[in-house]
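protein-v6.cif (mmCIF, C-alpha atoms and all ligand atoms)
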data_model
loop_
_atom_site.label_atom_id
_atom_site.label_comp_id
_atom_site.auth_asym_id
_atom_site.auth_seq_id
_atom_site.Cartn_x
_atom_site.Cartn_y
_atom_site.Cartn_z
CA MET A 1280 54.51 103.32 29.78
CA ASP A 1281 53.84 100.22 31.80
CA HIS A 1282 53.74 101.52 35.29
CA HIS A 1283 52.24 104.51 37.04
CA THR A 1284 51.39 105.11 40.64
CA GLU A 1285 51.21 107.92 43.12
CA ILE A 1286 51.68 109.15 46.69
CA GLU A 1287 49.35 111.84 47.93
CA ILE A 1288 51.19 114.80 49.40
CA HIS A 1289 50.01 117.74 51.44
CA GLY A 1290 52.77 120.24 51.71
CA ASN A 1291 53.77 123.80 52.37
CA SER A 1292 54.37 125.72 49.17
CA ASN A 1293 56.79 128.13 50.75
CA PRO A 1294 60.29 127.37 50.02
CA ILE A 1295 59.78 123.60 49.69
CA GLN A 1296 60.04 122.91 46.01
CA ILE A 1297 58.18 119.70 45.70
CA SER A 1298 56.50 120.85 42.52
CA ARG A 1299 59.02 119.17 40.33
CA LEU A 1300 59.84 116.44 37.91
CA ALA A 1301 62.92 114.32 38.51
CA LEU A 1302 64.35 111.45 36.51
CA ASP A 1303 66.48 108.39 37.02
CA ILE A 1304 67.66 107.15 33.65
CA GLY A 1305 69.10 103.70 34.18
CA GLY A 1306 70.54 101.04 31.94
CA SER A 1307 67.13 99.38 31.55
CA LEU A 1308 64.43 101.76 32.75
CA ILE A 1309 63.71 105.46 33.03
CA LYS A 1310 61.98 106.33 36.26
CA LEU A 1311 60.01 109.56 36.71
CA VAL A 1312 58.82 111.15 39.93
CA TYR A 1313 56.67 114.26 39.63
CA PHE A 1314 54.27 116.31 41.66
CA SER A 1315 50.85 117.47 40.58
CA ARG A 1316 48.74 119.83 42.57
CA ASN A 1317 45.25 118.97 43.77
CA SER A 1318 42.53 121.32 42.75
CA GLY A 1319 40.89 123.05 45.74
CA ASP A 1320 43.73 122.12 48.04
CA ASP A 1321 43.34 125.33 50.08
CA GLU A 1322 40.24 123.90 51.69
CA ASP A 1323 41.99 120.85 52.94
CA PRO A 1324 41.23 120.54 56.65
CA LEU A 1325 44.63 118.98 57.13
CA ASN A 1326 46.17 122.45 56.97
CA ASP A 1327 44.59 123.31 60.29
CA SER A 1328 45.40 120.01 61.86
CA VAL A 1329 49.10 120.40 61.25
CA GLY A 1330 49.15 124.12 61.92
CA VAL A 1331 50.50 125.29 58.60
CA SER A 1332 49.12 127.75 56.12
CA ASN A 1333 49.60 128.22 52.43
CA ALA A 1334 49.95 124.49 51.97
CA VAL A 1335 50.17 122.84 48.64
CA ASN A 1336 48.32 119.60 48.41
CA GLY A 1337 48.80 117.18 45.64
CA ARG A 1338 50.10 113.91 44.47
CA LEU A 1339 53.50 112.51 43.96
CA HIS A 1340 53.39 110.36 40.86
CA PHE A 1341 55.68 107.59 39.75
CA ALA A 1342 56.09 106.39 36.20
CA LYS A 1343 58.55 104.30 34.26
CA PHE A 1344 59.56 103.61 30.68
CA GLU A 1345 62.03 101.28 29.10
CA THR A 1346 65.23 103.19 28.39
CA THR A 1347 65.18 101.93 24.81
CA LYS A 1348 61.84 103.73 24.43
CA ILE A 1349 63.15 107.08 25.57
CA ASN A 1350 61.15 108.85 22.89
CA ASP A 1351 57.93 107.64 24.54
CA CYS A 1352 59.20 109.13 27.77
CA LEU A 1353 59.97 112.48 26.12
CA GLN A 1354 56.50 112.41 24.57
CA PHE A 1355 54.93 111.65 27.97
CA ILE A 1356 56.76 114.55 29.61
CA SER A 1357 55.71 116.85 26.84
CA ALA A 1358 52.09 115.71 26.57
CA ASN A 1359 51.55 115.97 30.34
CA LYS A 1360 53.34 119.30 30.60
CA LEU A 1361 55.56 117.86 33.28
CA LEU A 1362 58.17 120.52 32.78
CA LEU A 1363 55.64 122.81 34.46
CA GLY A 1364 55.55 120.37 37.34
CA GLY A 1365 51.91 119.62 36.60
CA PHE A 1366 50.95 122.99 38.06
CA GLN A 1367 48.30 125.13 36.51
CA HIS A 1368 49.24 128.14 38.63
CA GLN A 1369 52.82 128.33 37.62
CA GLU A 1370 53.24 131.87 38.96
CA ASN A 1371 53.13 130.53 42.52
CA PHE A 1372 56.40 128.80 42.03
CA SER A 1373 59.89 129.75 41.19
CA ASN A 1374 60.74 130.14 37.58
CA ASP A 1375 63.94 128.18 37.29
CA ARG A 1376 62.46 125.61 34.96
CA ASN A 1377 65.26 125.46 32.46
CA PHE A 1378 66.59 122.33 34.12
CA ILE A 1379 65.35 119.17 35.70
CA LYS A 1380 67.18 117.00 38.18
CA ALA A 1381 68.29 113.70 36.76
CA THR A 1382 70.36 110.81 37.95
CA GLY A 1383 71.59 107.49 36.52
CA GLY A 1384 73.93 107.00 33.60
CA GLY A 1385 71.32 108.24 31.15
CA ALA A 1386 71.48 111.70 32.68
CA TYR A 1387 74.86 111.92 30.94
CA LYS A 1388 74.09 109.77 27.93
CA PHE A 1389 70.85 111.52 26.96
CA SER A 1390 71.67 115.03 28.04
CA ASP A 1391 71.82 116.33 24.47
CA LEU A 1392 68.60 114.57 23.52
CA PHE A 1393 66.66 116.31 26.30
CA LYS A 1394 68.14 119.64 25.26
CA GLU A 1395 67.28 119.06 21.65
CA LYS A 1396 63.77 117.60 22.08
CA LEU A 1397 62.50 119.41 25.18
CA GLY A 1398 64.84 122.38 25.39
CA ILE A 1399 65.68 121.42 28.95
CA ARG A 1400 68.98 120.90 30.71
CA LEU A 1401 69.47 117.84 32.88
CA GLU A 1402 71.08 118.77 36.16
CA LYS A 1403 72.98 115.68 37.16
CA GLU A 1404 72.85 114.20 40.62
CA ASP A 1405 75.07 111.35 41.75
CA GLU A 1406 73.31 108.00 41.46
CA MET A 1407 74.51 106.50 44.76
CA ASP A 1408 73.67 109.72 46.57
CA CYS A 1409 70.16 109.63 45.14
CA LEU A 1410 69.62 105.96 45.96
CA VAL A 1411 70.52 106.58 49.59
CA THR A 1412 68.44 109.77 49.84
CA GLY A 1413 65.48 107.99 48.27
CA ALA A 1414 65.80 104.96 50.55
CA ASN A 1415 66.19 107.06 53.70
CA PHE A 1416 63.20 109.19 52.74
CA LEU A 1417 60.97 106.19 52.11
CA LEU A 1418 62.09 104.37 55.24
CA LYS A 1419 61.49 107.39 57.43
CA ALA A 1420 58.52 108.97 55.76
CA VAL A 1421 56.28 106.28 54.36
CA ASN A 1422 54.53 103.83 56.62
CA HIS A 1423 54.48 100.26 55.45
CA GLU A 1424 57.30 100.87 53.05
CA ALA A 1425 59.61 98.08 54.16
CA PHE A 1426 58.59 94.48 54.44
CA THR A 1427 60.02 91.05 54.96
CA TYR A 1428 59.00 87.97 53.05
CA LEU A 1429 59.20 84.61 54.74
CA ASN A 1430 57.25 81.40 54.14
CA GLY A 1431 55.12 83.09 51.50
CA GLN A 1432 54.06 85.80 53.90
CA LYS A 1433 54.78 89.46 53.57
CA GLU A 1434 55.14 91.34 56.81
CA PHE A 1435 55.54 95.07 57.04
CA VAL A 1436 58.37 96.31 59.22
CA GLN A 1437 57.96 99.17 61.63
CA ILE A 1438 61.04 101.33 61.19
CA ASP A 1439 62.49 102.88 64.31
CA HIS A 1440 63.93 106.20 63.12
CA ASN A 1441 66.43 106.16 65.95
CA ASP A 1442 67.64 102.73 65.08
CA LEU A 1443 67.74 102.71 61.31
CA TYR A 1444 71.48 102.92 60.71
CA PRO A 1445 73.69 101.30 59.74
CA TYR A 1446 72.14 99.16 57.05
CA LEU A 1447 73.11 97.66 53.72
CA LEU A 1448 71.23 98.93 50.69
CA VAL A 1449 71.29 96.57 47.74
CA ASN A 1450 69.98 98.10 44.57
CA ILE A 1451 69.24 95.48 41.94
CA GLY A 1452 68.91 97.36 38.70
CA SER A 1453 70.63 96.35 35.46
CA GLY A 1454 73.67 95.72 37.65
CA VAL A 1455 73.82 95.59 41.42
CA SER A 1456 75.21 98.15 43.86
CA MET A 1457 75.73 97.46 47.54
CA ILE A 1458 75.90 100.49 49.76
CA LYS A 1459 76.59 100.69 53.46
CA VAL A 1460 74.37 103.46 54.79
CA ASP A 1461 75.31 105.20 58.03
CA GLY A 1462 72.99 108.19 57.92
CA ASP A 1463 71.54 110.87 55.67
CA GLY A 1464 74.19 111.50 53.05
CA LYS A 1465 76.57 109.20 54.90
CA PHE A 1466 77.33 106.11 52.92
CA GLU A 1467 79.92 104.04 51.14
CA ARG A 1468 79.42 101.83 48.09
CA VAL A 1469 81.09 98.71 49.39
CA SER A 1470 80.46 96.27 46.58
CA GLY A 1471 78.57 95.42 43.46
CA THR A 1472 78.04 92.72 40.90
CA SER A 1473 77.37 92.78 37.21
CA VAL A 1474 75.11 89.75 37.60
CA GLY A 1475 71.84 91.58 38.13
CA GLY A 1476 68.50 92.47 36.60
CA GLY A 1477 69.98 93.05 33.15
CA THR A 1478 71.48 89.57 33.31
CA PHE A 1479 68.15 87.96 34.11
CA TRP A 1480 66.31 89.87 31.43
CA GLY A 1481 69.09 89.55 28.82
CA LEU A 1482 69.85 85.87 29.28
CA GLY A 1483 66.17 85.10 29.74
CA LYS A 1484 65.31 86.80 26.50
CA LEU A 1485 67.98 84.89 24.62
CA LEU A 1486 67.07 81.55 26.13
CA THR A 1487 63.28 81.76 26.07
CA LYS A 1488 62.56 84.20 23.23
CA CYS A 1489 60.33 86.15 25.60
CA GLN A 1490 59.31 89.52 24.30
CA SER A 1491 58.88 91.33 27.60
CA PHE A 1492 60.26 91.28 31.10
CA ASP A 1493 56.81 90.66 32.54
CA GLU A 1494 56.36 87.68 30.26
CA LEU A 1495 59.66 86.22 31.48
CA LEU A 1496 58.65 86.79 35.08
CA GLU A 1497 55.27 85.19 34.49
CA LEU A 1498 56.97 82.15 32.95
CA SER A 1499 59.18 81.72 35.99
CA HIS A 1500 56.04 81.55 38.04
CA GLN A 1501 54.92 78.39 36.30
CA GLY A 1502 58.31 76.71 35.92
CA ASN A 1503 60.16 73.98 37.76
CA ASN A 1504 63.88 74.57 38.27
CA ARG A 1505 64.41 70.89 39.12
CA VAL A 1506 64.52 70.14 35.41
CA ILE A 1507 67.40 72.53 34.79
CA ASP A 1508 69.39 72.64 38.01
CA MET A 1509 71.61 69.88 39.33
CA LEU A 1510 70.65 69.15 42.91
CA VAL A 1511 72.79 67.71 45.68
CA GLY A 1512 70.64 64.57 45.48
CA ASP A 1513 71.45 64.19 41.77
CA ILE A 1514 75.11 63.95 42.69
CA TYR A 1515 74.75 62.00 45.96
CA GLY A 1516 72.33 59.35 44.75
CA GLY A 1517 69.30 60.97 46.35
CA MET A 1518 70.98 61.51 49.72
CA ASP A 1519 71.59 64.67 51.71
CA TYR A 1520 75.18 65.78 52.24
CA SER A 1521 74.35 66.48 55.83
CA LYS A 1522 77.94 66.72 57.02
CA ILE A 1523 78.21 70.12 55.31
CA GLY A 1524 74.59 71.05 55.83
CA LEU A 1525 73.27 70.44 52.33
CA SER A 1526 69.95 68.70 51.83
CA SER A 1527 69.38 66.53 48.78
CA THR A 1528 67.06 69.17 47.34
CA ALA A 1529 69.58 72.02 47.58
CA ILE A 1530 70.87 73.27 44.24
CA ALA A 1531 74.40 71.97 43.79
CA SER A 1532 74.87 73.54 40.38
CA SER A 1533 72.55 76.04 38.72
CA PHE A 1534 71.78 74.90 35.16
CA GLY A 1535 74.01 71.87 35.86
CA ARG A 1536 71.40 69.32 34.91
CA THR A 1537 71.39 70.46 31.30
CA ILE A 1538 74.87 69.00 30.69
CA SER A 1539 73.90 65.44 31.37
CA ASN A 1540 70.93 65.18 29.05
CA ASN A 1541 71.07 64.80 25.34
CA LYS A 1542 68.85 67.77 24.93
CA GLU A 1543 68.92 71.01 22.99
CA LEU A 1544 67.65 74.36 24.19
CA GLN A 1545 64.32 73.84 22.44
CA ASP A 1546 63.77 70.63 24.42
CA TYR A 1547 63.47 72.63 27.63
CA LYS A 1548 60.39 74.50 28.68
CA PRO A 1549 60.88 78.27 28.77
CA GLU A 1550 59.06 78.24 32.11
CA ASP A 1551 61.73 75.99 33.65
CA ILE A 1552 64.60 77.99 32.19
CA SER A 1553 63.14 81.24 33.48
CA ARG A 1554 62.66 79.81 36.95
CA SER A 1555 66.20 78.48 37.19
CA LEU A 1556 67.62 81.72 35.93
CA LEU A 1557 65.62 83.81 38.37
CA ARG A 1558 66.62 81.55 41.21
CA MET A 1559 70.29 81.54 40.24
CA ILE A 1560 70.53 85.29 40.06
CA SER A 1561 68.42 86.00 43.15
CA ASN A 1562 70.37 83.45 45.15
CA ASN A 1563 73.68 84.88 44.08
CA ILE A 1564 72.67 88.42 44.95
CA GLY A 1565 71.30 87.26 48.31
CA GLN A 1566 74.57 85.51 49.08
CA ILE A 1567 76.86 88.38 48.06
CA SER A 1568 74.65 90.77 50.01
CA TYR A 1569 74.92 88.66 53.10
CA LEU A 1570 78.71 88.42 52.75
CA ASN A 1571 78.92 92.20 52.55
CA ALA A 1572 76.62 92.60 55.52
CA LEU A 1573 78.92 90.23 57.39
CA ARG A 1574 81.98 92.28 56.38
CA PHE A 1575 80.59 95.30 58.17
CA GLY A 1576 78.52 93.63 60.87
CA LEU A 1577 75.21 94.78 59.39
CA LYS A 1578 72.05 92.98 60.41
CA ARG A 1579 69.60 94.67 58.09
CA ILE A 1580 69.70 94.50 54.33
CA PHE A 1581 67.20 96.52 52.30
CA PHE A 1582 66.74 95.46 48.71
CA GLY A 1583 65.56 97.85 46.00
CA GLY A 1584 65.63 98.07 42.22
CA PHE A 1585 63.15 97.00 39.60
CA PHE A 1586 64.56 93.51 39.22
CA ILE A 1587 62.48 92.54 42.24
CA ARG A 1588 59.10 93.74 40.98
CA GLY A 1589 57.48 92.53 44.18
CA HIS A 1590 57.68 89.07 42.65
CA SER A 1591 57.08 86.34 45.21
CA TYR A 1592 59.68 83.89 43.96
CA THR A 1593 62.35 86.59 43.83
CA LEU A 1594 61.44 87.85 47.30
CA ASP A 1595 61.44 84.33 48.63
CA THR A 1596 64.76 83.31 47.08
CA ILE A 1597 66.58 86.41 48.27
CA SER A 1598 65.08 86.10 51.75
CA VAL A 1599 65.92 82.42 52.04
CA ALA A 1600 69.47 83.02 50.80
CA VAL A 1601 70.07 85.73 53.41
CA HIS A 1602 68.46 83.65 56.13
CA PHE A 1603 70.38 80.51 55.16
CA TRP A 1604 73.82 82.07 54.86
CA SER A 1605 73.47 84.21 57.96
CA LYS A 1606 71.97 81.33 59.95
CA GLY A 1607 69.05 83.61 60.73
CA GLU A 1608 71.24 86.49 61.94
CA ALA A 1609 70.57 88.94 59.09
CA LYS A 1610 67.25 90.00 57.66
CA ALA A 1611 66.33 90.74 54.07
CA MET A 1612 63.85 93.57 53.72
CA PHE A 1613 62.23 94.98 50.64
CA LEU A 1614 60.82 98.34 49.69
CA ARG A 1615 57.46 98.90 48.08
CA HIS A 1616 58.81 101.74 45.96
CA GLU A 1617 61.72 99.49 45.11
CA GLY A 1618 62.60 100.91 41.70
CA PHE A 1619 62.08 104.58 42.48
CA LEU A 1620 64.82 105.19 45.06
CA GLY A 1621 67.10 107.05 42.66
CA ALA A 1622 64.34 109.12 41.10
CA LEU A 1623 63.02 110.04 44.56
CA GLY A 1624 66.52 111.02 45.62
CA ALA A 1625 66.85 113.24 42.57
CA PHE A 1626 63.44 114.72 43.37
CA MET A 1627 64.52 115.48 46.93
CA SER A 1628 67.71 117.10 45.70
CA TYR A 1629 65.85 120.19 44.49
CA GLU A 1630 65.81 121.16 48.10
CA ARG A 1631 69.01 119.87 49.63
CA HIS A 1632 67.72 119.88 53.17
CA SER A 1633 64.29 118.58 52.37
CA LEU A 1634 64.73 115.40 54.34
CA GLU A 1635 65.35 117.32 57.53
CA ASP A 1636 62.77 119.98 56.81
CA LEU A 1637 59.91 117.79 55.82
CA VAL A 1638 57.78 115.73 58.09
CA VAL A 1639 55.52 113.24 56.51
CA ASN A 1640 52.42 112.63 58.49
CA GLN A 1641 50.83 109.43 57.35
CA SER A 1642 47.12 109.91 57.15
CA GLU A 1643 46.33 106.62 55.55
CA GLN A 1644 47.82 103.19 55.52
CA LEU A 1645 48.03 101.03 52.48
CA GLN A 1646 44.75 99.89 51.09
CA VAL A 1647 46.08 96.39 50.76
CA ASP A 1648 46.32 93.47 53.09
CA ALA A 1649 49.93 93.28 54.13
CA SER A 1650 50.05 89.57 54.65
CA SER A 1651 48.04 88.37 51.72
CA GLY A 1652 49.47 85.08 50.61
CA THR A 1653 48.26 84.97 47.02
CA ASP A 1654 51.06 84.20 44.70
CA LYS A 1655 50.83 86.45 41.69
CA ASN A 1656 53.58 88.47 40.15
CA CYS A 1657 53.32 92.21 39.46
CA ASN A 1658 50.48 92.39 41.93
CA PRO A 1659 50.09 95.35 44.27
CA LEU A 1660 49.46 92.91 47.07
CA LYS A 1661 52.92 91.56 46.54
CA GLY A 1662 54.67 94.89 46.66
CA ASP A 1663 54.56 96.02 43.06
CA LEU A 1664 52.52 99.18 42.77
CA ASN A 1665 49.89 99.86 40.18
CA GLU A 1666 47.86 102.88 39.18
CA THR A 1667 44.94 102.15 41.45
CA GLU A 1668 47.03 102.32 44.59
CA SER A 1669 48.16 105.40 46.49
CA ILE A 1670 49.75 106.17 49.82
CA GLN A 1671 48.42 109.28 51.42
CA CYS A 1672 50.75 111.45 53.42
CA SER A 1673 50.96 115.01 54.53
CA VAL A 1674 54.19 116.91 54.21
CA TYR A 1675 54.90 120.14 56.01
CA ARG A 1676 57.68 122.10 57.58
CA ALA A 1677 58.54 120.84 61.01
N1 LIG A 1701 59.31 96.49 32.14
C1 LIG A 1701 60.58 96.15 32.32
N2 LIG A 1701 61.44 96.20 31.29
C2 LIG A 1701 62.73 95.88 31.45
N3 LIG A 1701 63.26 95.48 32.62
C3 LIG A 1701 62.46 95.41 33.69
C4 LIG A 1701 61.09 95.77 33.58
N4 LIG A 1701 60.56 95.63 34.80
C5 LIG A 1701 61.52 95.22 35.62
N5 LIG A 1701 62.68 95.06 34.95
C6 LIG A 1701 63.93 94.59 35.59
O1 LIG A 1701 64.45 95.70 36.26
C7 LIG A 1701 65.81 95.91 35.88
C8 LIG A 1701 66.08 97.38 35.89
O2 LIG A 1701 65.89 97.87 37.17
P1 LIG A 1701 66.14 99.38 37.53
O3 LIG A 1701 66.12 99.48 39.01
O4 LIG A 1701 65.19 100.24 36.80
O5 LIG A 1701 67.61 99.58 37.01
P2 LIG A 1701 68.28 100.56 35.95
O6 LIG A 1701 68.42 101.84 36.70
O7 LIG A 1701 69.57 99.91 35.62
O8 LIG A 1701 67.38 100.68 34.76
C9 LIG A 1701 65.93 95.26 34.54
O9 LIG A 1701 67.26 94.88 34.26
C10 LIG A 1701 65.00 94.08 34.66
O10 LIG A 1701 65.64 93.02 35.32
C1 LIG A 1702 77.03 100.90 36.98
C2 LIG A 1702 75.79 100.86 37.84
C3 LIG A 1702 76.01 101.67 39.10
C4 LIG A 1702 74.64 101.52 37.05
O1 LIG A 1702 73.41 101.43 37.76
P1 LIG A 1702 72.09 100.70 37.13
O2 LIG A 1702 71.72 101.43 35.88
O3 LIG A 1702 72.43 99.26 36.84
O4 LIG A 1702 71.03 100.81 38.19
C5 LIG A 1702 75.37 99.40 38.19
O5 LIG A 1702 75.04 98.72 37.04
C6 LIG A 1702 76.42 98.61 38.96
O6 LIG A 1702 76.69 98.89 40.08
N1 LIG A 1702 76.97 97.55 38.35
C7 LIG A 1702 77.87 96.60 38.98
C8 LIG A 1702 79.29 96.91 38.62
C9 LIG A 1702 80.23 96.18 39.56
O7 LIG A 1702 80.31 96.54 40.75
O8 LIG A 1702 80.85 95.23 39.14
#
I'd like the structure from this file rewritten - as structure tokens, please.
Amino acid sequence: MDHHTEIEIHGNSNPIQISRLALDIGGSLIKLVYFSRNSGDDEDPLNDSVGVSNAVNGRLHFAKFETTKINDCLQFISANKLLLGGFQHQENFSNDRNFIKATGGGAYKFSDLFKEKLGIRLEKEDEMDCLVTGANFLLKAVNHEAFTYLNGQKEFVQIDHNDLYPYLLVNIGSGVSMIKVDGDGKFERVSGTSVGGGTFWGLGKLLTKCQSFDELLELSHQGNNRVIDMLVGDIYGGMDYSKIGLSSTAIASSFGRTISNNKELQDYKPEDISRSLLRMISNNIGQISYLNALRFGLKRIFFGGFFIRGHSYTLDTISVAVHFWSKGEAKAMFLRHEGFLGALGAFMSYERHSLEDLVVNQSEQLQVDASSGTDKNCNPLKGDLNETESIQCSVYRA
């Protein structure tokens, strides 16, 4: 497992079933969301402050595994007794533990494996449904969830619950789905592209011989795309093509520079290849997203999926693409729990009406400086969570 983080939850045990494990088994990664109960939660003063009794306090955990390492995931579930929801006092909760909620293609593909290895049935939830439920939950319930990224600065966005819809949700997983969201459970998948996170990781692996996604991302950090990409200036003798709004430094053709040199793949630095690739894919997704936002008159675009990884160059490229193409009209926003939308949606689906019934009362803001400008990938300051970070919230029946 390479990733594990948590949200602290204070909730009401009565019919809210938040004591669960849910999965999103995607083309590249398996995402887990599960609840574990705090010891001594009865004494939590928060119970009085929100006027509820019999509350269950605990933590909502997030974990992920590569889909190719599904056996590690099964082992993790087993070793941590997650099929008991992490509860020691199992008798307090309903006993319908012969299934877990799961979404993503792997819920179908690996159904038999879960039955065979863990003796558990995967109850399948629709992936788009779960993405939307997860996104709506995060946007409404978790403070400092959404942020913009412009000029190297991250700025958290205050979400107005009464003015959230409609928006475009772009989930950049292995492939990319674009969903117009009009409300809770009200959405339409309006577009998609197969040029997504799997493309970056797959092509990057082939071209650079990187052994891990993080390594590829780290390389991009140090690279210079100028060596690989053909710029407008390369074509126009160093000049801008101002008549159509293109500066000399704009990329005219991604990877285009490699055709004119007498060079082989090994003559290029993996860092430069990774950077060009990341830029090409991020740019393309930003542009298609904007075009879809334009189709439906949407001003806000939220980006999720683990391709992003809170990585500054990815955030920047997508933001600039949306800003550039929309002439500043549309805004790219990102989600801190970017890759867990589907798993959260599956988690929420145990209790169909949980989004309406639950109120999350933020008791603590993020422990990190929202506008820190340091430029490091996979850093909690940049939006990617790690195990030291938690968001505290209290959840109770309204
Ligand atoms: N540790 C990792 N291993 C593989 N891919 C990763 C990793 N971290 C981030 N990624 C990126 O995230 C993408 C998968 O994102 P995700 O939202 O989990 O989609 P999916 O549901 O298709 O697995 C990968 O294609 C890759 O670009
Ligand atoms: C098929 C998928 C929904 C699966 O989701 P993923 O595992 O990539 O998160 C996604 O890969 C996708 O939307 N692909 C783009 C297909 C297309 O619209 O051309």
I'd like the neighbourhood of Glu1402 of chain A as a PyMOL selection string, where a residue qualifies if any of its atoms comes within 9 Å (using all atoms listed in the file), though same-chain residues fewer than 6 positions away should be ignored. chain A and resi 1378-1382+1386+1390
Could you give me, as a PyMOL selection string, every polymer residue with an atom at most 8 Å away from an atom of ligand LIG 1701 (chain A), counting only C-alpha atoms and all ligand atoms? chain A and resi 1281+1303-1310+1344-1346+1383+1450-1454+1475-1481+1491-1493+1583-1588+1617-1619
Report, in Å to a single decimal, how far apart atom CA of His1340 of chain A and atom CA of Phe1314 of chain A are. 6.1 Å
Can you tell me how far atom CA of Phe1534 of chain A sits from atom CA of Gly1512 of chain A, in Å to one decimal?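 According to the coordinates, atom CA of Phe1534 of chain A and atom CA of Gly1512 of chain A are separated by 14.6 Å.
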May I have the residues at most 12 Å from (59.0, 87.7, 30.9) in the file's coordinates, counting all atoms listed in the file, as a PyMOL selection string? chain A and resi 1479-1501+1549-1550+1552-1554+1556-1557+1586+1588+1590+1656-1657
Looking at A:Ser1473, A:Asn1422, A:Thr1427, A:Asn1359, which one is nearest to ligand LIG 1702 (chain A), with distances taken over only C-alpha atoms and all ligand atoms? A:Ser1473
Centre, x/y/z edge lengths, axis-aligned box for segment 1379-1383 of chain A with 6 Å per side, as lines of an AutoDock Vina configuration file:
center_x = 68.5
center_y = 113.3
center_z = 36.9
size_x = 18.2
size_y = 23.7
size_z = 14.5
Quote the spacing between atom CA of Leu1418 of chain A and atom CA of Ala1609 of chain A in Å to one decimal place.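 So the answer is 18.0 Å.
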With all atoms listed in the file as the basis for distance, which of A:Lys1394, A:Arg1400, A:Tyr1446, A:Ile1564 is at the shortest distance from Thr1472 of chain A?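 Nearest to Thr1472 of chain A: A:Ile1564.
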Using only C-alpha atoms, which protein or nucleic acid residues come within 6 Å of Tyr1313 of chain A? Drop anything in the same chain fewer than 4 positions from it, and give the result as a list in words.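 Near Tyr1313 of chain A, the qualifying residues are Arg1299, Leu1300, Leu1339 and His1340 of chain A.
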If you count only C-alpha atoms, which residues fall within 7 Å of Val1449 of chain A, apart from same-chain ones fewer than 5 positions away, as a list in words? Val1455, Ser1456, Met1457, Ile1458, Phe1581, Phe1582 and Gly1583 of chain A
